[in-house]
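Colleague: My structure file input23.cif, mmCIF, C-alpha atoms, is below:
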```
data_final
loop_
_atom_site.group_PDB
_atom_site.id
_atom_site.type_symbol
_atom_site.label_atom_id
_atom_site.label_comp_id
_atom_site.auth_asym_id
_atom_site.auth_seq_id
_atom_site.Cartn_x
_atom_site.Cartn_y
_atom_site.Cartn_z
ATOM 1 C CA MET A 86 7.927 47.121 -15.291
ATOM 2 C CA THR A 87 9.049 47.991 -11.749
ATOM 3 C CA ARG A 88 6.386 50.711 -11.570
ATOM 4 C CA LEU A 89 3.747 48.182 -12.627
ATOM 5 C CA ILE A 90 4.856 45.721 -9.945
ATOM 6 C CA ARG A 91 4.948 48.470 -7.325
ATOM 7 C CA ALA A 92 1.467 49.693 -8.327
ATOM 8 C CA ALA A 93 0.083 46.137 -8.198
ATOM 9 C CA ALA A 94 1.612 45.585 -4.758
ATOM 10 C CA LEU A 95 0.204 48.834 -3.393
ATOM 11 C CA ALA A 96 -3.237 48.163 -4.870
ATOM 12 C CA SER A 97 -3.224 44.676 -3.384
ATOM 13 C CA LEU A 98 -2.275 46.037 0.019
ATOM 14 C CA ALA A 99 -5.032 48.632 -0.155
ATOM 15 C CA VAL A 100 -7.535 45.846 -0.730
ATOM 16 C CA CYS A 101 -6.124 44.015 2.308
ATOM 17 C CA VAL A 102 -6.422 46.905 4.766
ATOM 18 C CA PRO A 103 -10.074 46.317 5.771
ATOM 19 C CA GLY A 104 -9.202 42.776 6.836
ATOM 20 C CA LEU A 105 -6.616 44.004 9.317
ATOM 21 C CA ALA A 106 -9.282 45.192 11.718
ATOM 22 C CA GLU A 107 -10.090 41.761 13.125
ATOM 23 C CA ALA A 108 -8.696 38.272 13.273
ATOM 24 C CA HIS A 109 -10.485 35.227 11.883
ATOM 25 C CA THR A 110 -13.751 35.116 13.761
ATOM 26 C CA GLY A 111 -15.753 32.434 12.041
ATOM 27 C CA VAL A 112 -18.250 34.979 10.753
ATOM 28 C CA HIS A 113 -19.261 35.942 7.265
ATOM 29 C CA LEU A 114 -21.163 38.786 5.700
ATOM 30 C CA MET A 115 -24.728 38.118 6.753
ATOM 31 C CA THR A 116 -26.115 40.276 3.970
ATOM 32 C CA SER A 117 -24.082 38.660 1.232
ATOM 33 C CA GLU A 118 -24.452 35.379 -0.488
ATOM 34 C CA GLY A 119 -22.401 33.587 -3.064
ATOM 35 C CA ALA A 120 -19.337 35.108 -4.638
ATOM 36 C CA ALA A 121 -19.373 38.345 -2.615
ATOM 37 C CA ALA A 122 -19.378 36.495 0.710
ATOM 38 C CA GLY A 123 -16.753 34.061 -0.546
ATOM 39 C CA PHE A 124 -14.536 36.866 -1.789
ATOM 40 C CA ALA A 125 -14.822 38.750 1.506
ATOM 41 C CA HIS A 126 -14.090 35.750 3.740
ATOM 42 C CA PRO A 127 -10.262 35.664 3.380
ATOM 43 C CA PHE A 128 -10.104 39.420 4.051
ATOM 44 C CA LEU A 129 -12.166 39.195 7.233
ATOM 45 C CA GLY A 130 -9.669 37.070 9.101
ATOM 46 C CA LEU A 131 -6.151 38.288 9.770
ATOM 47 C CA ASP A 132 -4.959 34.678 9.897
ATOM 48 C CA HIS A 133 -6.225 33.898 6.386
ATOM 49 C CA LEU A 134 -4.982 37.197 4.999
ATOM 50 C CA LEU A 135 -1.455 36.849 6.432
ATOM 51 C CA ALA A 136 -1.066 33.183 5.483
ATOM 52 C CA MET A 137 -2.138 33.785 1.902
ATOM 53 C CA VAL A 138 0.154 36.778 1.433
ATOM 54 C CA ALA A 139 2.994 34.780 3.044
ATOM 55 C CA VAL A 140 2.472 31.958 0.514
ATOM 56 C CA GLY A 141 3.084 34.489 -2.255
ATOM 57 C CA LEU A 142 6.094 35.996 -0.473
ATOM 58 C CA TRP A 143 7.710 32.593 0.038
ATOM 59 C CA ALA A 144 6.962 31.515 -3.533
ATOM 60 C CA ALA A 145 8.544 34.733 -4.830
ATOM 61 C CA SER A 146 11.655 34.159 -2.749
ATOM 62 C CA LEU A 147 11.968 30.610 -4.124
ATOM 63 C CA GLY A 148 11.601 31.888 -7.679
ATOM 64 C CA GLY A 149 11.235 29.941 -10.897
ATOM 65 C CA ARG A 150 8.388 27.441 -11.116
ATOM 66 C CA ALA A 151 7.677 27.878 -7.399
ATOM 67 C CA ARG A 152 6.115 31.250 -8.173
ATOM 68 C CA TRP A 153 3.164 29.412 -9.719
ATOM 69 C CA LEU A 154 3.281 25.899 -8.314
ATOM 70 C CA VAL A 155 3.384 26.867 -4.640
ATOM 71 C CA PRO A 156 0.332 29.177 -4.700
ATOM 72 C CA GLY A 157 -1.390 26.783 -7.119
ATOM 73 C CA SER A 158 -0.987 23.849 -4.754
ATOM 74 C CA PHE A 159 -2.377 25.930 -1.872
ATOM 75 C CA ILE A 160 -5.432 26.864 -3.950
ATOM 76 C CA ALA A 161 -5.989 23.307 -5.202
ATOM 77 C CA LEU A 162 -5.918 21.721 -1.744
ATOM 78 C CA MET A 163 -7.802 24.636 -0.218
ATOM 79 C CA THR A 164 -10.578 23.924 -2.708
ATOM 80 C CA LEU A 165 -10.666 20.250 -1.709
ATOM 81 C CA GLY A 166 -10.700 21.221 1.970
ATOM 82 C CA ALA A 167 -13.581 23.617 1.303
ATOM 83 C CA ILE A 168 -15.598 20.906 -0.400
ATOM 84 C CA GLY A 169 -15.040 18.719 2.645
ATOM 85 C CA GLY A 170 -15.893 21.525 5.073
ATOM 86 C CA ALA A 171 -19.060 22.437 3.198
ATOM 87 C CA SER A 172 -20.049 18.754 3.129
ATOM 88 C CA GLY A 173 -19.790 18.501 6.901
ATOM 89 C CA LEU A 174 -16.421 16.752 7.057
ATOM 90 C CA ALA A 175 -14.899 17.954 10.314
ATOM 91 C CA LEU A 176 -11.132 18.102 10.525
ATOM 92 C CA SER A 177 -9.702 18.281 13.997
ATOM 93 C CA ALA A 178 -7.572 21.271 14.979
ATOM 94 C CA VAL A 179 -8.593 23.497 12.071
ATOM 95 C CA GLU A 180 -8.041 26.776 13.920
ATOM 96 C CA PRO A 181 -4.713 25.703 15.505
ATOM 97 C CA MET A 182 -3.468 24.542 12.089
ATOM 98 C CA ILE A 183 -4.473 27.844 10.520
ATOM 99 C CA ALA A 184 -2.564 29.705 13.257
ATOM 100 C CA LEU A 185 0.383 27.333 12.761
ATOM 101 C CA SER A 186 0.305 28.100 9.033
ATOM 102 C CA VAL A 187 0.713 31.816 9.737
ATOM 103 C CA ILE A 188 3.617 31.147 12.101
ATOM 104 C CA ALA A 189 5.346 28.614 9.843
ATOM 105 C CA LEU A 190 4.951 30.613 6.650
ATOM 106 C CA GLY A 191 6.189 33.750 8.393
ATOM 107 C CA VAL A 192 9.260 31.875 9.634
ATOM 108 C CA LEU A 193 9.909 30.436 6.157
ATOM 109 C CA VAL A 194 9.872 33.965 4.720
ATOM 110 C CA ALA A 195 11.879 35.485 7.601
ATOM 111 C CA LEU A 196 14.617 32.862 7.365
ATOM 112 C CA ALA A 197 14.526 32.786 3.556
ATOM 113 C CA VAL A 198 14.218 28.997 3.712
ATOM 114 C CA ARG A 199 14.990 27.396 0.375
ATOM 115 C CA VAL A 200 13.602 23.958 -0.390
ATOM 116 C CA PRO A 201 12.774 22.169 -3.639
ATOM 117 C CA THR A 202 9.602 23.409 -5.284
ATOM 118 C CA GLY A 203 7.798 20.110 -4.674
ATOM 119 C CA ALA A 204 8.510 20.274 -0.948
ATOM 120 C CA ALA A 205 7.325 23.884 -0.744
ATOM 121 C CA ALA A 206 4.167 22.993 -2.660
ATOM 122 C CA ALA A 207 3.490 20.096 -0.271
ATOM 123 C CA VAL A 208 3.943 22.294 2.815
ATOM 124 C CA VAL A 209 1.514 24.940 1.630
ATOM 125 C CA ALA A 210 -0.918 22.296 0.340
ATOM 126 C CA VAL A 211 -1.278 20.857 3.846
ATOM 127 C CA PHE A 212 -2.054 24.310 5.198
ATOM 128 C CA GLY A 213 -4.403 24.928 2.276
ATOM 129 C CA VAL A 214 -6.591 21.981 3.314
ATOM 130 C CA PHE A 215 -7.195 23.547 6.731
ATOM 131 C CA HIS A 216 -7.853 27.027 5.353
ATOM 132 C CA GLY A 217 -10.284 25.488 2.876
ATOM 133 C CA ALA A 218 -12.051 23.479 5.574
ATOM 134 C CA ALA A 219 -12.654 26.721 7.477
ATOM 135 C CA HIS A 220 -13.945 28.472 4.347
ATOM 136 C CA GLY A 221 -16.287 25.615 3.511
ATOM 137 C CA ALA A 222 -17.604 25.145 7.047
ATOM 138 C CA GLU A 223 -18.346 28.872 7.352
ATOM 139 C CA MET A 224 -20.187 29.183 4.067
ATOM 140 C CA PRO A 225 -23.475 31.045 4.582
ATOM 141 C CA ALA A 226 -26.403 28.616 4.579
ATOM 142 C CA LEU A 227 -28.145 30.392 1.711
ATOM 143 C CA ALA A 228 -25.068 30.850 -0.449
ATOM 144 C CA SER A 229 -24.470 29.039 -3.683
ATOM 145 C CA PRO A 230 -21.522 26.735 -2.922
ATOM 146 C CA LEU A 231 -20.049 27.235 -6.392
ATOM 147 C CA ALA A 232 -20.343 31.035 -6.323
ATOM 148 C CA TYR A 233 -19.012 31.201 -2.756
ATOM 149 C CA GLY A 234 -16.087 28.965 -3.743
ATOM 150 C CA VAL A 235 -15.298 31.055 -6.804
ATOM 151 C CA GLY A 236 -15.285 34.129 -4.558
ATOM 152 C CA PHE A 237 -12.821 32.835 -1.977
ATOM 153 C CA VAL A 238 -10.590 31.232 -4.611
ATOM 154 C CA ALA A 239 -10.416 34.592 -6.418
ATOM 155 C CA ALA A 240 -9.600 36.407 -3.168
ATOM 156 C CA THR A 241 -6.953 33.827 -2.311
ATOM 157 C CA ALA A 242 -5.362 34.219 -5.732
ATOM 158 C CA LEU A 243 -5.371 38.007 -5.270
ATOM 159 C CA LEU A 244 -3.680 37.694 -1.863
ATOM 160 C CA HIS A 245 -1.104 35.257 -3.265
ATOM 161 C CA GLY A 246 -0.547 37.753 -6.075
ATOM 162 C CA ALA A 247 0.009 40.541 -3.545
ATOM 163 C CA GLY A 248 2.647 38.399 -1.843
ATOM 164 C CA LEU A 249 4.273 37.588 -5.182
ATOM 165 C CA ALA A 250 4.324 41.264 -6.159
ATOM 166 C CA LEU A 251 5.823 42.293 -2.831
ATOM 167 C CA GLY A 252 8.275 39.417 -3.070
ATOM 168 C CA GLY A 253 9.311 40.668 -6.494
ATOM 169 C CA LEU A 254 10.372 43.911 -4.812
ATOM 170 C CA ARG A 255 12.410 42.174 -2.100
ATOM 171 C CA SER A 256 15.736 43.389 -3.447
ATOM 172 C CA ARG A 257 14.453 46.941 -2.944
ATOM 173 C CA LEU A 258 12.827 46.228 0.400
ATOM 174 C CA PRO A 259 15.443 45.669 3.100
ATOM 175 C CA THR A 260 12.657 44.780 5.500
ATOM 176 C CA PHE A 261 11.429 41.803 3.432
ATOM 177 C CA ARG A 262 12.656 39.269 5.972
ATOM 178 C CA LEU A 263 11.347 41.411 8.821
ATOM 179 C CA ALA A 264 7.913 41.171 7.218
ATOM 180 C CA GLY A 265 8.145 37.389 7.530
ATOM 181 C CA GLY A 266 9.050 37.770 11.198
ATOM 182 C CA ALA A 267 6.101 40.101 11.740
ATOM 183 C CA ILE A 268 3.792 37.572 10.107
ATOM 184 C CA ALA A 269 5.142 34.807 12.343
ATOM 185 C CA LEU A 270 4.681 36.951 15.460
ATOM 186 C CA ALA A 271 1.139 37.788 14.417
ATOM 187 C CA GLY A 272 0.528 34.058 14.083
ATOM 188 C CA VAL A 273 1.768 33.515 17.628
ATOM 189 C CA ALA A 274 -0.553 36.259 18.866
ATOM 190 C CA LEU A 275 -3.487 34.683 17.005
ATOM 191 C CA ALA A 276 -2.668 31.276 18.507
ATOM 192 C CA LEU A 277 -2.650 32.547 22.078
ATOM 193 C CA PRO A 278 -5.926 32.185 23.961
ATOM 194 C CA LEU A 279 -7.651 35.459 24.709
#
```
What do you get writing this file as structure tokens?
Modeller:
Amino acid sequence: MTRLIRAAALASLAVCVPGLAEAHTGVHLMTSEGAAAGFAHPFLGLDHLLAMVAVGLWAASLGGRARWLVPGSFIALMTLGAIGGASGLALSAVEPMIALSVIALGVLVALAVRVPTGAAAAVVAVFGVFHGAAHGAEMPALASPLAYGVGFVAATALLHGAGLALGGLRSRLPTFRLAGGAIALAGVALALPL
């Protein structure tokens, strides 16, 4: 079973590598529509990628029902935020809140913060709304909203799964908490003006 978890974690990381080249830029794949563009979107922004992996890491460290409820609440509210963003609903401070999510989730992992599952689900749900608003607002004009949504929900679930798999190895990874610190520092760097 440990080999399976390790293989899943490594495969998930390999999928994430292309997204490390650039931070969230507000762009999408111009040649793609629908599910392919939606699936690619979370990988194209370092802020989305790190936040979604951190959700899985934190959920894994909380254990029990949190392993499913925390990522599930992020996905549910992200979907609602995306519907709003695609419908033209403009939330203020979307990009700062996305950067804050990376910082906060990194700190929660780094400090191994333990809270009740409901509280953890509420924290990530708030961040999920802002990530979703960005996804929805940046949907390509010609894309099918449903297909695009299915794509980014699938990618988000994959990234949460990568975090869960890596979190499942935390007893074997002495740098688990350092990873949370690195995520938080990356969030600070993303929040700083260029």
Colleague: At a cut-off of 12 Å, can you tabulate as a Markdown table every residue of stretch 201-235 of chain A near stretch 240-245 of chain A together with its closest atom pair and the distance in Å to one decimal, using only C-alpha atoms and ordering rows by chain then number?
Modeller:
```
| residue | atom | partner | partner_atom | distance |
| --- | --- | --- | --- | --- |
| A:Val209 | CA | A:His245 | CA | 11.7 |
| A:Gly213 | CA | A:Thr241 | CA | 10.3 |
| A:His216 | CA | A:Thr241 | CA | 10.3 |
| A:Gly217 | CA | A:Thr241 | CA | 10.4 |
| A:His220 | CA | A:Thr241 | CA | 11.0 |
| A:Tyr233 | CA | A:Ala240 | CA | 10.8 |
| A:Gly234 | CA | A:Ala240 | CA | 9.9 |
| A:Val235 | CA | A:Ala240 | CA | 8.6 |
```
Colleague: Which is closer to A:Ala161 than all the others in A:Glu223, A:Gly253, A:Ile268, A:Ala207, using all atoms listed in the file?
Modeller: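 Smallest distance to A:Ala161 is found for A:Ala207.
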Colleague: Using the chain letters and numbers from this file, what does the PyMOL selection byres ((chain A and resi 210) around 10) select? Give the answer as a list in words.
Modeller: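 Given this file, the PyMOL selection byres ((chain A and resi 210) around 10) evaluates to Val155, Pro156, Gly157, Ser158, Phe159, Ile160, Ala161, Leu162, Met163, Gly166, Ala204, Ala205, Ala206, Ala207, Val208, Val209, Val211, Phe212, Gly213, Val214, Phe215 and His216 of chain A.
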Colleague: Starting from the PyMOL selection byres ((chain A and resi 168-176) around 8), expand the selection into actual residues of this file and give them as a tab-separated table (two decimals) with C-alpha atoms, in the frame of the given file.
Modeller:
```tsv
chain	number	residue	atom	x	y	z
A	164	THR	CA	-10.58	23.92	-2.71
A	165	LEU	CA	-10.67	20.25	-1.71
A	166	GLY	CA	-10.70	21.22	1.97
A	167	ALA	CA	-13.58	23.62	1.30
A	177	SER	CA	-9.70	18.28	14.00
A	178	ALA	CA	-7.57	21.27	14.98
A	179	VAL	CA	-8.59	23.50	12.07
A	215	PHE	CA	-7.20	23.55	6.73
A	217	GLY	CA	-10.28	25.49	2.88
A	218	ALA	CA	-12.05	23.48	5.57
A	219	ALA	CA	-12.65	26.72	7.48
A	220	HIS	CA	-13.94	28.47	4.35
A	221	GLY	CA	-16.29	25.62	3.51
A	222	ALA	CA	-17.60	25.14	7.05
A	223	GLU	CA	-18.35	28.87	7.35
A	224	MET	CA	-20.19	29.18	4.07
A	230	PRO	CA	-21.52	26.74	-2.92
```
Colleague: I need the residue nearest A:Ala197 from this list: A:Leu129, A:Ala267, A:Leu142, A:Met137. Use only C-alpha atoms for the distance.
Modeller: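 Distance minimum relative to A:Ala197 lands on A:Leu142.
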Colleague: Determine the residue set returned by the PyMOL selection byres ((chain A and resi 135) around 9) for the present structure, and present it as a list in words.
Modeller: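 Output from the PyMOL selection byres ((chain A and resi 135) around 9), applied to this file: Gly130, Leu131, Asp132, His133, Leu134, Ala136, Met137, Val138, Ala139, Val140, Val187, Leu190, Gly191, Leu244, Ile268, Ala271 and Gly272 of chain A.
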Colleague: Tell me, in Å to one decimal, how far atom CA of A:Ala232 is from atom CA of A:Trp153.
Modeller: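 Distance reported for this atom pair: 23.8 Å.
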Colleague: In the coordinate frame of the file, compute which residues have an atom within 9 Å of (11.4, 30.5, -3.7) when using only C-alpha atoms, and state them as a PyMOL selection string.
Modeller: chain A and resi 142-152+155+197-202+205
Colleague: Show me as a ChimeraX atom specification the residues that reach within 8 Å of (14.1, 38.4, 3.9), counting all atoms listed in the file and using the file's own coordinates.
Modeller: /A:194-197,255,259-265
Colleague: Could you take the residues named above and write them with C-alpha atoms, as a compact mmCIF listing (two decimals), in the coordinates of the input?
Modeller:
```txt
# COMPACT_ATOMS: atom_id res chain seq x y z
CA VAL A 194 9.87 33.97 4.72
CA ALA A 195 11.88 35.48 7.60
CA LEU A 196 14.62 32.86 7.36
CA ALA A 197 14.53 32.79 3.56
CA ARG A 255 12.41 42.17 -2.10
CA PRO A 259 15.44 45.67 3.10
CA THR A 260 12.66 44.78 5.50
CA PHE A 261 11.43 41.80 3.43
CA ARG A 262 12.66 39.27 5.97
CA LEU A 263 11.35 41.41 8.82
CA ALA A 264 7.91 41.17 7.22
CA GLY A 265 8.14 37.39 7.53
```
Colleague: Record the distance separating atom CA of A:Gly123 and atom CA of A:Leu231, expressed in Å with one decimal.
Modeller: 9.6 Å
Colleague: Nearest to A:Ala274: which of A:Ala125, A:Leu254, A:Leu185, A:Ala247 is it, counting only C-alpha atoms?
Modeller: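 Answer, going by the shortest atom-to-atom distance: A:Leu185.
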Colleague: Find the distance between atom CA of A:Ile183 and atom CA of A:Leu270 and write it in Å to one decimal.
Modeller: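 About the pair atom CA of A:Ile183 and atom CA of A:Leu270: they are 13.8 Å apart.
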Colleague: Build an axis-aligned box that encloses every atom of stretch 169-179 of chain A listed in the file, pad it by 4 Å on each side, and report its centre and edge lengths in Å to one decimal, as AutoDock Vina command-line options.
Modeller:
```
--center_x -13.8 --center_y 20.1 --center_z 8.8 --size_x 20.5 --size_y 14.7 --size_z 20.3
```
Colleague: With only C-alpha atoms as the basis for distance, which of A:Ala121, A:Ala269, A:Leu277, A:Ala250 is at the shortest distance from A:Gly141?
Modeller: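 Nearest candidate to A:Gly141 out of A:Ala121, A:Ala269, A:Leu277, A:Ala250: A:Ala250.
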Colleague: When you get a chance, write out all heavy atoms for stretch 218-229 of chain A, as a CSV table (one decimal), in the frame of the given file.
Modeller:
```
chain,number,residue,atom,x,y,z
A,218,ALA,N,-11.0,24.1,4.7
A,218,ALA,CA,-12.1,23.5,5.6
A,218,ALA,C,-12.8,24.6,6.3
A,218,ALA,O,-14.0,24.5,6.5
A,218,ALA,CB,-11.4,22.5,6.5
A,219,ALA,N,-12.0,25.6,6.8
A,219,ALA,CA,-12.7,26.7,7.5
A,219,ALA,C,-13.6,27.5,6.5
A,219,ALA,O,-14.7,27.8,6.9
A,219,ALA,CB,-11.6,27.6,8.1
A,220,HIS,N,-13.1,27.8,5.3
A,220,HIS,CA,-13.9,28.5,4.3
A,220,HIS,C,-15.2,27.7,4.1
A,220,HIS,O,-16.3,28.3,4.1
A,220,HIS,CB,-13.2,28.7,3.0
A,220,HIS,CG,-12.1,29.6,3.1
A,220,HIS,ND1,-12.0,30.7,3.8
A,220,HIS,CD2,-10.9,29.6,2.4
A,220,HIS,CE1,-10.9,31.4,3.6
A,220,HIS,NE2,-10.2,30.7,2.8
A,221,GLY,N,-15.1,26.4,3.8
A,221,GLY,CA,-16.3,25.6,3.5
A,221,GLY,C,-17.3,25.5,4.7
A,221,GLY,O,-18.5,25.6,4.5
A,222,ALA,N,-16.7,25.3,5.9
A,222,ALA,CA,-17.6,25.1,7.0
A,222,ALA,C,-18.3,26.4,7.4
A,222,ALA,O,-19.4,26.4,8.0
A,222,ALA,CB,-16.8,24.7,8.2
A,223,GLU,N,-17.8,27.6,7.0
A,223,GLU,CA,-18.3,28.9,7.4
A,223,GLU,C,-19.1,29.5,6.2
A,223,GLU,O,-19.5,30.6,6.3
A,223,GLU,CB,-17.2,29.8,7.8
A,223,GLU,CG,-16.6,29.3,9.1
A,223,GLU,CD,-15.4,30.0,9.5
A,223,GLU,OE1,-14.9,30.9,8.7
A,223,GLU,OE2,-14.8,29.7,10.6
A,224,MET,N,-19.4,28.7,5.2
A,224,MET,CA,-20.2,29.2,4.1
A,224,MET,C,-21.6,29.5,4.6
A,224,MET,O,-22.2,28.7,5.3
A,224,MET,CB,-20.3,28.1,3.0
A,224,MET,CG,-21.1,28.6,1.8
A,224,MET,SD,-21.1,27.4,0.4
A,224,MET,CE,-21.5,25.9,1.2
A,225,PRO,N,-22.1,30.7,4.2
A,225,PRO,CA,-23.5,31.0,4.6
A,225,PRO,C,-24.5,30.0,4.1
A,225,PRO,O,-24.3,29.5,3.0
A,225,PRO,CB,-23.7,32.4,3.9
A,225,PRO,CG,-22.4,32.9,3.7
A,225,PRO,CD,-21.5,31.8,3.4
A,226,ALA,N,-25.5,29.7,4.9
A,226,ALA,CA,-26.4,28.6,4.6
A,226,ALA,C,-27.1,28.8,3.3
A,226,ALA,O,-27.5,27.9,2.6
A,226,ALA,CB,-27.4,28.5,5.7
A,227,LEU,N,-27.4,30.1,2.9
A,227,LEU,CA,-28.1,30.4,1.7
A,227,LEU,C,-27.3,30.6,0.5
A,227,LEU,O,-27.8,30.9,-0.6
A,227,LEU,CB,-29.0,31.6,1.9
A,227,LEU,CG,-30.1,31.5,3.1
A,227,LEU,CD1,-30.8,32.8,3.3
A,227,LEU,CD2,-31.0,30.4,2.8
A,228,ALA,N,-26.0,30.6,0.7
A,228,ALA,CA,-25.1,30.8,-0.4
A,228,ALA,C,-25.0,29.7,-1.4
A,228,ALA,O,-25.2,28.5,-1.1
A,228,ALA,CB,-23.7,31.1,0.1
A,229,SER,N,-24.8,30.0,-2.7
A,229,SER,CA,-24.5,29.0,-3.7
A,229,SER,C,-23.1,28.5,-3.4
A,229,SER,O,-22.1,29.3,-3.5
A,229,SER,CB,-24.6,29.7,-5.1
A,229,SER,OG,-23.8,28.9,-6.0
```
